[in-house]
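Dumped query-v8.cif below, it's mmCIF, C-alpha atoms:
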```cif
data_run
#
loop_
_atom_site.label_atom_id
_atom_site.label_comp_id
_atom_site.auth_asym_id
_atom_site.auth_seq_id
_atom_site.Cartn_x
_atom_site.Cartn_y
_atom_site.Cartn_z
CA MET I 1 0.00 0.00 0.00
CA ASN I 2 2.66 2.43 1.09
CA ILE I 3 4.95 1.47 -1.76
CA THR I 4 2.27 1.99 -4.34
CA LYS I 5 1.46 5.40 -3.00
CA ARG I 6 5.09 6.43 -3.02
CA ILE I 7 5.46 5.48 -6.66
CA SER I 8 2.43 7.39 -7.73
CA LEU I 9 3.59 10.51 -5.93
CA VAL I 10 6.94 10.41 -7.60
CA ALA I 11 5.28 10.05 -10.96
CA ILE I 12 3.23 13.15 -10.36
CA LEU I 13 6.26 15.04 -9.27
CA VAL I 14 8.14 14.24 -12.45
CA ALA I 15 5.20 15.24 -14.56
CA ILE I 16 5.01 18.61 -12.88
CA SER I 17 8.67 19.19 -13.37
CA PHE I 18 8.48 18.44 -17.06
CA GLY I 19 5.53 20.73 -17.36
CA ALA I 20 7.63 23.56 -16.02
CA VAL I 21 10.33 22.80 -18.53
CA ARG I 22 7.93 23.00 -21.42
CA ALA I 23 6.69 26.34 -20.30
CA GLN I 24 10.15 27.83 -20.61
CA ASN I 25 11.32 26.17 -23.81
CA THR I 26 9.56 26.29 -27.10
CA ALA I 27 11.32 23.38 -28.81
CA THR I 28 10.22 19.92 -27.65
CA GLN I 29 13.67 18.58 -28.29
CA THR I 30 15.15 20.76 -25.61
CA VAL I 31 12.82 19.67 -22.83
CA GLN I 32 15.06 16.99 -21.54
CA GLU I 33 18.18 19.11 -21.87
CA GLY I 34 16.62 22.02 -20.08
CA ALA I 35 15.61 19.88 -17.17
CA THR I 36 18.60 17.72 -16.59
CA ILE I 37 21.37 18.03 -19.20
CA ALA I 38 21.66 21.54 -20.72
CA GLN I 39 24.51 23.65 -19.43
CA PRO I 40 23.33 26.67 -17.50
CA ILE I 41 23.73 29.84 -19.52
CA CYS I 42 26.17 32.23 -17.90
CA LEU I 43 27.22 35.79 -18.76
CA PHE I 44 30.56 37.36 -17.88
CA VAL I 45 31.61 41.01 -18.11
CA VAL I 46 35.16 41.29 -19.45
CA THR I 47 35.47 45.06 -19.91
CA GLY I 48 33.20 48.03 -19.40
CA LEU I 49 32.20 50.68 -21.92
CA GLN I 50 34.79 53.30 -21.10
CA PHE I 51 35.44 56.59 -22.83
CA GLY I 52 38.81 57.45 -21.31
CA ALA I 53 39.94 61.02 -20.80
CA ILE I 54 37.98 63.74 -22.57
CA LEU I 55 38.74 67.45 -22.83
CA THR I 56 35.58 69.51 -22.99
CA GLY I 57 34.92 72.31 -25.43
CA SER I 58 32.71 75.36 -25.62
CA SER I 59 29.91 73.45 -27.31
CA SER I 60 28.25 70.11 -26.70
CA GLY I 61 29.23 67.06 -28.70
CA THR I 62 29.59 63.30 -28.64
CA VAL I 63 32.22 60.65 -28.12
CA HIS I 64 31.57 57.32 -29.83
CA VAL I 65 33.20 54.01 -28.99
CA ALA I 66 32.30 51.80 -31.94
CA ALA I 67 32.98 48.15 -32.74
CA THR I 68 35.00 47.36 -35.85
CA SER I 69 36.21 44.02 -37.14
CA ASN I 70 37.71 42.49 -34.00
CA SER I 71 38.67 45.88 -32.65
CA TRP I 72 37.07 49.20 -31.86
CA THR I 73 37.58 52.90 -32.48
CA GLU I 74 36.87 56.04 -30.50
CA THR I 75 35.95 59.32 -32.15
CA ALA I 76 34.79 62.70 -30.91
CA SER I 77 32.57 65.04 -32.86
CA GLY I 78 30.91 68.41 -32.44
CA ALA I 79 33.91 70.79 -32.57
CA PRO I 80 34.54 73.04 -30.72
CA GLY I 81 33.04 70.40 -28.48
CA PRO I 82 34.79 67.52 -26.74
CA VAL I 83 38.13 66.16 -27.91
CA LEU I 84 39.87 62.97 -26.88
CA TYR I 85 42.91 63.27 -24.69
CA THR I 86 45.48 61.03 -26.37
CA GLY I 87 48.53 61.62 -24.23
CA SER I 88 49.62 59.97 -21.02
CA HIS I 89 46.54 59.26 -18.96
CA GLY I 90 48.15 59.92 -15.60
CA GLY I 91 46.00 57.38 -13.81
CA VAL I 92 42.79 57.86 -15.79
CA THR I 93 41.35 54.56 -17.05
CA PRO I 94 41.81 54.35 -20.82
CA ALA I 95 38.90 53.82 -23.18
CA SER I 96 37.48 50.37 -23.94
CA ILE I 97 34.43 48.83 -25.55
CA ALA I 98 32.08 46.79 -23.33
CA SER I 99 32.82 43.11 -23.90
CA PHE I 100 31.08 39.98 -22.72
CA THR I 101 31.58 36.23 -22.86
CA VAL I 102 28.91 33.57 -22.54
CA SER I 103 29.01 29.90 -21.61
CA GLY I 104 26.14 27.51 -22.21
CA GLU I 105 24.84 24.53 -24.12
CA PRO I 106 26.51 24.15 -27.53
CA GLY I 107 24.24 24.98 -30.44
CA LEU I 108 21.45 26.64 -28.47
CA ASP I 109 20.14 30.01 -29.56
CA TYR I 110 19.73 32.75 -27.01
CA THR I 111 18.57 36.34 -26.87
CA ILE I 112 20.57 39.28 -25.54
CA ALA I 113 18.74 42.26 -24.09
CA TYR I 114 20.06 45.29 -22.27
CA SER I 115 18.83 48.56 -20.89
CA GLY I 116 19.42 51.99 -22.29
CA PRO I 117 20.06 54.79 -22.66
CA SER I 118 22.24 54.78 -19.61
CA ILE I 119 23.29 57.64 -17.36
CA ILE I 120 26.74 58.02 -15.89
CA THR I 121 27.17 60.25 -12.86
CA ASN I 122 30.00 62.40 -11.59
CA THR I 123 31.45 60.56 -8.59
CA SER I 124 32.01 63.80 -6.68
CA ASN I 125 28.81 65.63 -7.71
CA SER I 126 25.76 63.48 -8.38
CA SER I 127 23.91 66.36 -10.05
CA LYS I 128 26.37 66.19 -12.95
CA THR I 129 25.52 63.46 -15.44
CA MET I 130 26.08 62.37 -19.03
CA SER I 131 24.00 59.96 -21.07
CA ILE I 132 25.05 57.03 -23.23
CA ALA I 133 23.11 55.64 -26.19
CA PHE I 134 24.15 52.04 -26.80
CA ASP I 135 24.91 50.48 -30.15
CA ALA I 136 23.57 47.07 -31.12
CA PRO I 137 25.72 44.19 -29.84
CA HIS I 138 28.44 43.09 -32.24
CA SER I 139 30.06 39.63 -32.60
CA GLU I 140 33.73 39.80 -31.76
CA THR I 141 36.52 37.68 -30.32
CA VAL I 142 36.86 38.39 -26.60
CA ASN I 143 39.51 36.82 -24.36
CA GLY I 144 40.30 34.32 -27.10
CA ILE I 145 36.67 33.23 -27.43
CA THR I 146 35.59 33.48 -31.05
CA PRO I 147 31.88 33.51 -31.89
CA SER I 148 30.64 31.07 -34.50
CA THR I 149 27.84 33.23 -35.82
CA THR I 150 27.60 36.85 -36.84
CA LEU I 151 25.25 38.32 -34.34
CA THR I 152 22.33 40.32 -35.64
CA GLY I 153 20.49 42.78 -33.52
CA THR I 154 18.95 46.18 -33.18
CA SER I 155 19.99 49.18 -31.18
CA SER I 156 16.47 50.17 -30.22
CA PRO I 157 15.33 48.18 -28.40
CA TYR I 158 18.72 46.77 -27.60
CA THR I 159 18.22 43.13 -28.48
CA ALA I 160 19.98 40.50 -30.52
CA THR I 161 20.00 36.77 -31.08
CA SER I 162 23.11 34.62 -31.04
CA THR I 163 24.08 30.95 -30.92
CA ILE I 164 26.36 29.16 -28.46
CA THR I 165 29.39 27.74 -30.28
CA THR I 166 30.22 24.04 -30.39
CA ASP I 167 32.71 24.78 -27.62
CA GLY I 168 29.87 25.98 -25.42
CA THR I 169 30.94 29.63 -25.51
CA ASP I 170 30.13 32.90 -27.26
CA ALA I 171 31.41 36.48 -27.20
CA TRP I 172 30.25 39.94 -28.23
CA VAL I 173 30.86 43.61 -27.59
CA VAL I 174 28.70 46.69 -27.11
CA GLY I 175 29.71 50.20 -28.14
CA GLY I 176 27.93 53.44 -27.43
CA THR I 177 27.77 57.18 -27.85
CA LEU I 178 28.42 59.49 -24.91
CA SER I 179 26.78 62.91 -24.97
CA VAL I 180 29.08 65.55 -23.49
CA GLY I 181 27.74 68.96 -22.57
CA ALA I 182 29.40 72.27 -23.36
CA ASN I 183 32.06 72.82 -20.69
CA GLN I 184 30.92 69.60 -18.99
CA ALA I 185 32.01 69.56 -15.35
CA SER I 186 35.31 67.78 -14.90
CA GLY I 187 35.59 64.56 -12.93
CA ASN I 188 35.10 60.82 -13.02
CA TYR I 189 31.70 59.63 -14.24
CA THR I 190 30.48 56.07 -13.65
CA GLY I 191 27.32 54.07 -14.17
CA SER I 192 26.01 50.60 -14.90
CA PHE I 193 23.54 48.95 -17.22
CA SER I 194 21.73 45.65 -16.95
CA VAL I 195 22.37 42.90 -19.48
CA THR I 196 20.23 39.74 -19.63
CA ILE I 197 20.59 36.66 -21.82
CA ALA I 198 18.05 33.85 -22.07
CA TYR I 199 17.74 30.68 -24.11
CA ASP I 200 15.18 31.07 -26.88
CA MET U 1 -0.55 7.94 7.84
CA THR U 2 2.71 9.26 9.13
CA THR U 3 4.63 7.70 6.28
CA ALA U 4 2.33 9.17 3.68
CA LYS U 5 2.72 12.63 5.16
CA ASN U 6 6.50 12.41 5.09
CA ILE U 7 6.46 11.51 1.45
CA ALA U 8 4.22 14.41 0.60
CA THR U 9 6.51 16.84 2.32
CA LEU U 10 9.50 15.46 0.49
CA ALA U 11 7.71 15.82 -2.81
CA VAL U 12 7.07 19.50 -2.22
CA ILE U 13 10.68 20.16 -1.39
CA VAL U 14 11.89 18.45 -4.52
CA LEU U 15 9.43 20.36 -6.63
CA PHE U 16 10.74 23.69 -5.40
CA GLY U 17 14.25 22.52 -6.10
CA PHE U 18 13.43 21.75 -9.69
CA GLY U 19 11.65 25.01 -10.21
CA GLY U 20 14.57 27.12 -9.02
CA GLN U 21 17.11 25.17 -10.99
CA LEU U 22 15.20 25.54 -14.23
CA ARG U 23 15.05 29.29 -13.96
CA ALA U 24 18.78 29.53 -13.31
CA GLN U 25 19.58 27.49 -16.38
CA ASN U 26 17.54 29.54 -18.80
CA THR U 27 18.56 33.09 -18.04
CA ALA U 28 21.65 34.94 -16.92
CA SER U 29 21.77 38.59 -16.02
CA THR U 30 24.57 40.90 -14.99
CA ASN U 31 25.51 44.55 -14.92
CA GLY U 32 27.89 46.05 -17.44
CA TYR U 33 29.58 49.27 -16.43
CA SER U 34 30.38 52.56 -18.13
CA LYS U 35 32.93 55.20 -17.31
CA GLY U 36 33.99 58.54 -18.69
CA ASN U 37 36.46 61.07 -17.43
CA ILE U 38 36.18 64.77 -18.12
CA VAL U 39 39.65 66.18 -17.72
CA VAL U 40 40.12 69.22 -15.50
CA PRO U 41 41.03 72.08 -17.87
CA ILE U 42 44.64 73.21 -17.60
CA THR U 43 45.24 76.77 -16.44
CA LEU U 44 48.36 78.95 -16.26
CA ARG U 45 48.85 82.05 -14.15
CA MET U 46 51.87 84.30 -13.75
CA VAL U 47 52.43 85.10 -10.08
CA ALA U 48 55.63 87.15 -10.50
CA PRO U 49 57.11 88.82 -13.60
CA MET U 50 60.72 88.45 -14.62
CA ASN U 51 62.46 91.33 -12.89
CA PHE U 52 66.00 92.56 -13.50
CA GLY U 53 65.94 95.27 -10.83
CA SER U 54 67.86 98.54 -11.10
CA PHE U 55 71.40 98.72 -12.45
CA ILE U 56 74.01 100.93 -14.08
CA PRO U 57 75.38 100.06 -17.57
CA PRO U 58 79.08 99.37 -18.07
CA SER U 59 81.20 102.52 -17.85
CA THR U 60 83.46 101.40 -20.67
CA PRO U 61 82.63 100.17 -24.20
CA GLY U 62 81.22 96.67 -24.27
CA THR U 63 78.10 94.81 -23.20
CA GLY U 64 77.48 93.40 -19.75
CA ASN U 65 74.49 91.49 -18.50
CA VAL U 66 72.06 90.92 -15.67
CA ASN U 67 71.25 87.26 -15.06
CA VAL U 68 68.03 86.17 -13.33
CA SER U 69 68.30 82.54 -14.32
CA HIS U 70 66.02 79.85 -12.92
CA ASP U 71 69.28 78.56 -11.43
CA PRO U 72 70.15 80.74 -8.40
CA SER U 73 73.82 79.81 -8.58
CA VAL U 74 74.35 81.76 -11.80
CA ARG U 75 72.29 84.86 -10.99
CA GLY U 76 73.99 88.25 -10.74
CA VAL U 77 75.63 90.93 -12.88
CA SER U 78 78.74 90.73 -15.03
CA GLY U 79 80.64 92.56 -17.79
CA GLY U 80 80.83 95.89 -15.98
CA VAL U 81 77.17 96.19 -15.01
CA THR U 82 76.70 97.51 -11.47
CA VAL U 83 73.69 96.86 -9.28
CA ALA U 84 71.98 100.00 -8.01
CA GLY U 85 71.01 99.20 -4.45
CA THR U 86 71.25 95.75 -2.91
CA GLN U 87 71.98 92.89 -5.23
CA GLY U 88 69.21 90.30 -5.22
CA ALA U 89 66.65 92.63 -3.60
CA THR U 90 64.35 92.79 -6.62
CA GLU U 91 65.93 90.64 -9.32
CA ALA U 92 64.03 87.40 -9.82
CA PRO U 93 62.90 84.98 -12.51
CA SER U 94 59.24 84.87 -13.46
CA ASP U 95 57.04 82.50 -11.42
CA TRP U 96 54.12 80.54 -12.86
CA VAL U 97 51.35 78.39 -11.37
CA VAL U 98 49.62 75.58 -13.27
CA THR U 99 46.44 73.74 -12.31
CA GLY U 100 44.73 70.80 -14.01
CA GLN U 101 44.14 67.07 -13.96
CA PRO U 102 46.15 65.27 -11.23
CA ASN U 103 49.25 63.49 -12.50
CA PHE U 104 48.76 64.55 -16.10
CA LEU U 105 51.77 65.40 -18.22
CA TYR U 106 51.99 68.80 -19.85
CA ALA U 107 54.46 70.80 -21.90
CA ILE U 108 55.68 74.32 -21.18
CA SER U 109 56.58 76.50 -24.12
CA TYR U 110 57.07 80.22 -24.54
CA GLY U 111 57.53 83.03 -26.96
CA GLY U 112 54.63 81.87 -29.08
CA LEU U 113 56.71 78.96 -30.34
CA THR U 114 54.69 75.91 -29.40
CA PRO U 115 55.48 73.02 -31.71
CA PRO U 116 55.49 69.89 -29.54
CA GLY U 117 58.94 68.44 -29.91
CA GLY U 118 60.07 71.35 -32.07
CA ALA U 119 63.29 73.15 -31.29
CA PHE U 120 63.60 76.76 -30.31
CA PRO U 121 66.27 78.90 -31.93
CA SER U 122 69.57 78.34 -30.18
CA SER U 123 69.47 81.86 -28.78
CA PHE U 124 65.83 82.59 -28.08
CA THR U 125 65.50 86.26 -27.40
CA MET U 126 62.98 89.06 -27.07
CA THR U 127 63.25 92.84 -27.08
CA LEU U 128 62.49 95.21 -24.20
CA THR U 129 61.52 98.79 -24.97
CA SER U 130 61.87 101.94 -22.89
CA THR U 131 58.52 103.15 -21.59
CA THR U 132 59.59 106.77 -22.15
CA ASP U 133 61.39 106.45 -25.49
CA ASN U 134 60.25 103.72 -27.78
CA THR U 135 63.40 103.95 -29.88
CA GLN U 136 65.43 102.56 -26.98
CA HIS U 137 65.68 98.80 -26.68
CA MET U 138 67.49 96.04 -24.84
CA THR U 139 67.67 92.34 -25.64
CA LEU U 140 66.69 89.51 -23.30
CA ALA U 141 67.67 85.88 -23.76
CA PHE U 142 65.49 83.28 -22.08
CA ALA U 143 67.15 80.84 -19.73
CA GLY U 144 65.82 77.48 -18.60
CA ILE U 145 62.83 76.47 -16.51
CA ASP U 146 62.84 75.12 -12.98
CA VAL U 147 59.76 73.08 -12.16
CA THR U 148 59.23 73.63 -8.43
CA THR U 149 55.86 71.89 -7.88
CA GLY U 150 54.99 68.66 -9.59
CA GLY U 151 57.84 67.34 -11.63
CA ALA U 152 59.91 67.96 -14.70
CA THR U 153 60.19 64.87 -16.83
CA GLY U 154 62.86 63.92 -19.28
CA PHE U 155 65.41 66.63 -18.61
CA GLY U 156 65.66 66.61 -14.87
CA ASN U 157 64.61 69.57 -12.78
CA HIS U 158 66.80 72.24 -14.35
CA VAL U 159 65.91 72.02 -17.96
CA SER U 160 67.03 73.48 -21.20
CA SER U 161 65.06 76.22 -22.91
CA GLN U 162 65.71 74.68 -26.29
CA ASN U 163 62.53 72.61 -26.39
CA PRO U 164 59.08 72.65 -24.86
CA VAL U 165 59.65 71.46 -21.34
CA PRO U 166 57.87 68.26 -20.34
CA ALA U 167 56.43 68.45 -16.84
CA GLN U 168 53.87 66.68 -14.71
CA LEU U 169 51.15 67.96 -12.40
CA ASN U 170 51.28 66.56 -8.89
CA ALA U 171 48.70 64.26 -7.28
CA THR U 172 46.45 67.21 -6.39
CA GLY U 173 46.61 68.69 -9.88
CA ASN U 174 49.07 71.49 -9.11
CA GLY U 175 52.28 72.57 -10.75
CA ALA U 176 54.57 75.54 -10.50
CA TYR U 177 57.73 76.64 -12.23
CA SER U 178 60.04 79.58 -12.61
CA GLN U 179 61.57 80.86 -15.80
CA GLY U 180 64.58 83.10 -15.89
CA GLY U 181 66.51 85.13 -18.43
CA VAL U 182 69.60 87.12 -19.14
CA LEU U 183 69.37 90.82 -20.05
CA PHE U 184 72.14 92.28 -22.20
CA VAL U 185 73.12 95.82 -21.19
CA PRO U 186 75.40 97.80 -23.56
CA HIS U 187 77.66 100.67 -22.56
CA GLY U 188 75.75 103.95 -22.88
CA GLN U 189 72.26 102.45 -22.69
CA ALA U 190 69.70 105.24 -22.14
CA PRO U 191 68.22 105.45 -18.63
CA GLY U 192 64.58 104.48 -18.20
CA LEU U 193 62.13 101.72 -17.38
CA TYR U 194 62.20 98.97 -20.01
CA SER U 195 59.47 96.38 -20.41
CA GLY U 196 58.18 93.75 -22.77
CA THR U 197 55.77 90.84 -22.90
CA TRP U 198 55.91 87.31 -24.17
CA THR U 199 53.52 84.39 -24.39
CA GLU U 200 53.86 81.41 -22.11
CA THR U 201 51.83 78.29 -22.96
CA VAL U 202 51.06 75.02 -21.17
CA THR U 203 49.50 72.13 -23.06
CA TYR U 204 48.50 68.60 -22.01
CA ASN U 205 50.51 66.02 -23.83
#
```
As structure tokens:
Amino acid sequence: MNITKRISLVAILVAISFGAVRAQNTATQTVQEGATIAQPICLFVVTGLQFGAILTGSSSGTVHVAATSNSWTETASGAPGPVLYTGSHGGVTPASIASFTVSGEPGLDYTIAYSGPSIITNTSNSSKTMSIAFDAPHSETVNGITPSTTLTGTSSPYTATSTITTDGTDAWVVGGTLSVGANQASGNYTGSFSVTIAYD
Amino acid sequence: MTTAKNIATLAVIVLFGFGGQLRAQNTASTNGYSKGNIVVPITLRMVAPMNFGSFIPPSTPGTGNVNVSHDPSVRGVSGGVTVAGTQGATEAPSDWVVTGQPNFLYAISYGGLTPPGGAFPSSFTMTLTSTTDNTQHMTLAFAGIDVTTGGATGFGNHVSSQNPVPAQLNATGNGAYSQGGVLFVPHGQAPGLYSGTWTETVTYN
């Protein structure tokens, strides 16, 4: 009697669990993987979106960190607006493009989404801010991890779809445009933005 | 009865475990970060002009000089020039104060010649003019620069005037330096107050 009851309860439990799996995966094939086999999807920040040292000008302008083929460039526009300081940084963090690596189940598609535009705030005067408009994510080798697919996405809303490589990894970068006011107050500005990835 | 209840409790616990694990496997979220740095603008202010004091020209033919070098050990008069009053009372190199981004490197240049890395003429000079007779002139040759706050880089502290001088602001964004010169005084120079101006420039590099 007791044994029979135990078996039936376990059966119900398994059914419920599988039901939950189906709700979160659209492809039937992935049900079993999602429940017991698929690698968890993980996201790692390698570098931030950093604009380095900027000299302000008498008019407003922009500074753009943009992805190129496995590299990135930084340009300023809006003269006599901001210009890039290219000399010794004297302790100021140099510019970089935001870069991310992903680990997960080989071959699975996933969606990238992130917030924006973002605000960065003067660390010594919170009333002083600048805004960043993000670019669409861009496939690029990061930390030796080379993506297998060319990522396609949009910059508004900031979403894209990619595929985990056969090695169970992926990588991409995110550039952006910083808006700098005329005679923007000097200082360090920092901020953060949320990035979420999810299996399709 | 008791056994059945235990099993039911266990089942609930396992169910929660599965639910949490599934969510973790499907989604990952993290915060990226952004940074920018607006550099403190660099400023330059003269706090004391170059001053050669009062003196008497050589009494015999020839040209003497008054030296207010950045290097105190070579200051003084020579070639027949005589100090009127107490030597060293008023003669002094020009003093300059710089403010800007902490630890940043900058270059000092003067005389309107500002090519980074470019050389000045070997004898960089300017002309002083009498304030009462504009046909009367004397010639001044710039001496070196002594960076007294922050640091000089590349040439040591007493640096040559032949090139823009590389210097560095200190950790609080301050710098200061003095710049001297040598005034050439010929026999028979007309009495009067002589003055002139030049351009001093600091640039981040």
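In terms of minimum interatomic distance to I:Thr159, I:Ile197 ranks closest within I:Ile197, I:Leu178, I:Ile120, I:Leu49, counting all atoms listed in the file.
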For this file, the PyMOL selection byres ((chain I) within 6 of (chain U)) selects which residues, as a PDB file with C-alpha atoms, in the frame of the given file?
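Resulting contents of selection-v8.pdb:
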```pdb
ATOM      1  CA  PRO I  40      23.330  26.670 -17.500  1.00  0.00           C
ATOM      2  CA  ILE I  41      23.730  29.840 -19.520  1.00  0.00           C
ATOM      3  CA  CYS I  42      26.170  32.230 -17.900  1.00  0.00           C
ATOM      4  CA  LEU I  43      27.220  35.790 -18.760  1.00  0.00           C
ATOM      5  CA  GLY I  48      33.200  48.030 -19.400  1.00  0.00           C
ATOM      6  CA  LEU I  49      32.200  50.680 -21.920  1.00  0.00           C
ATOM      7  CA  GLN I  50      34.790  53.300 -21.100  1.00  0.00           C
ATOM      8  CA  PHE I  51      35.440  56.590 -22.830  1.00  0.00           C
ATOM      9  CA  GLY I  52      38.810  57.450 -21.310  1.00  0.00           C
ATOM     10  CA  ALA I  53      39.940  61.020 -20.800  1.00  0.00           C
ATOM     11  CA  ILE I  54      37.980  63.740 -22.570  1.00  0.00           C
ATOM     12  CA  LEU I  55      38.740  67.450 -22.830  1.00  0.00           C
ATOM     13  CA  GLY I  87      48.530  61.620 -24.230  1.00  0.00           C
ATOM     14  CA  GLY I  90      48.150  59.920 -15.600  1.00  0.00           C
ATOM     15  CA  SER I 186      35.310  67.780 -14.900  1.00  0.00           C
ATOM     16  CA  GLY I 187      35.590  64.560 -12.930  1.00  0.00           C
ATOM     17  CA  ASN I 188      35.100  60.820 -13.020  1.00  0.00           C
ATOM     18  CA  TYR I 189      31.700  59.630 -14.240  1.00  0.00           C
ATOM     19  CA  THR I 190      30.480  56.070 -13.650  1.00  0.00           C
ATOM     20  CA  GLY I 191      27.320  54.070 -14.170  1.00  0.00           C
ATOM     21  CA  SER I 192      26.010  50.600 -14.900  1.00  0.00           C
ATOM     22  CA  PHE I 193      23.540  48.950 -17.220  1.00  0.00           C
ATOM     23  CA  SER I 194      21.730  45.650 -16.950  1.00  0.00           C
ATOM     24  CA  VAL I 195      22.370  42.900 -19.480  1.00  0.00           C
ATOM     25  CA  THR I 196      20.230  39.740 -19.630  1.00  0.00           C
ATOM     26  CA  ILE I 197      20.590  36.660 -21.820  1.00  0.00           C
ATOM     27  CA  ALA I 198      18.050  33.850 -22.070  1.00  0.00           C
ATOM     28  CA  TYR I 199      17.740  30.680 -24.110  1.00  0.00           C
TER      29      TYR I 199
END
```
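For the pair atom CA of U:Asp133 and atom CA of U:Gly192, the separation is 8.2 Å.
The space between atom CA of U:Thr203 and atom CA of U:Met46 spans 15.5 Å.
Our summary of the geometry notes that atom CA of U:Ser69 is positioned 6.2 Å from atom CA of U:Pro93.
This file, queried with the PyMOL selection byres ((chain U and resi 48) around 6), gives the residues Met46, Val47, Pro49, Ser94 and Asp95 of chain U.
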Check what the PyMOL selection byres ((chain U and resi 83) around 9) selects in the file above and give those residues as a PyMOL selection string.
chain U and resi 53-56+66+76-77+81-82+84-88
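Distances here use all atoms listed in the file; by that measure, the residue among I:Glu105, I:Asp135, I:Asp200, I:Asp170 closest to I:Thr150 is I:Asp170.
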Let me know the centre plus edge lengths, in Å and rounded to one decimal, of a box with edges along x, y and z that contains all listed atoms of stretch 62-74 of chain I and is padded by 5 Å on every side, as JSON.
```
{"center_x": 34.1, "center_y": 52.9, "center_z": -32.6, "size_x": 19.1, "size_y": 30.8, "size_z": 19.0}
```
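Of the listed residues (U:Thr139, U:Ser109, U:Thr132, U:Asn51), U:Thr139 comes nearest to U:Leu183; the distances count only C-alpha atoms.
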Contact residues around U:Gly196 with only C-alpha atoms at 12 Å, ignoring same-chain residues under 3 positions, as a count of residues only
19
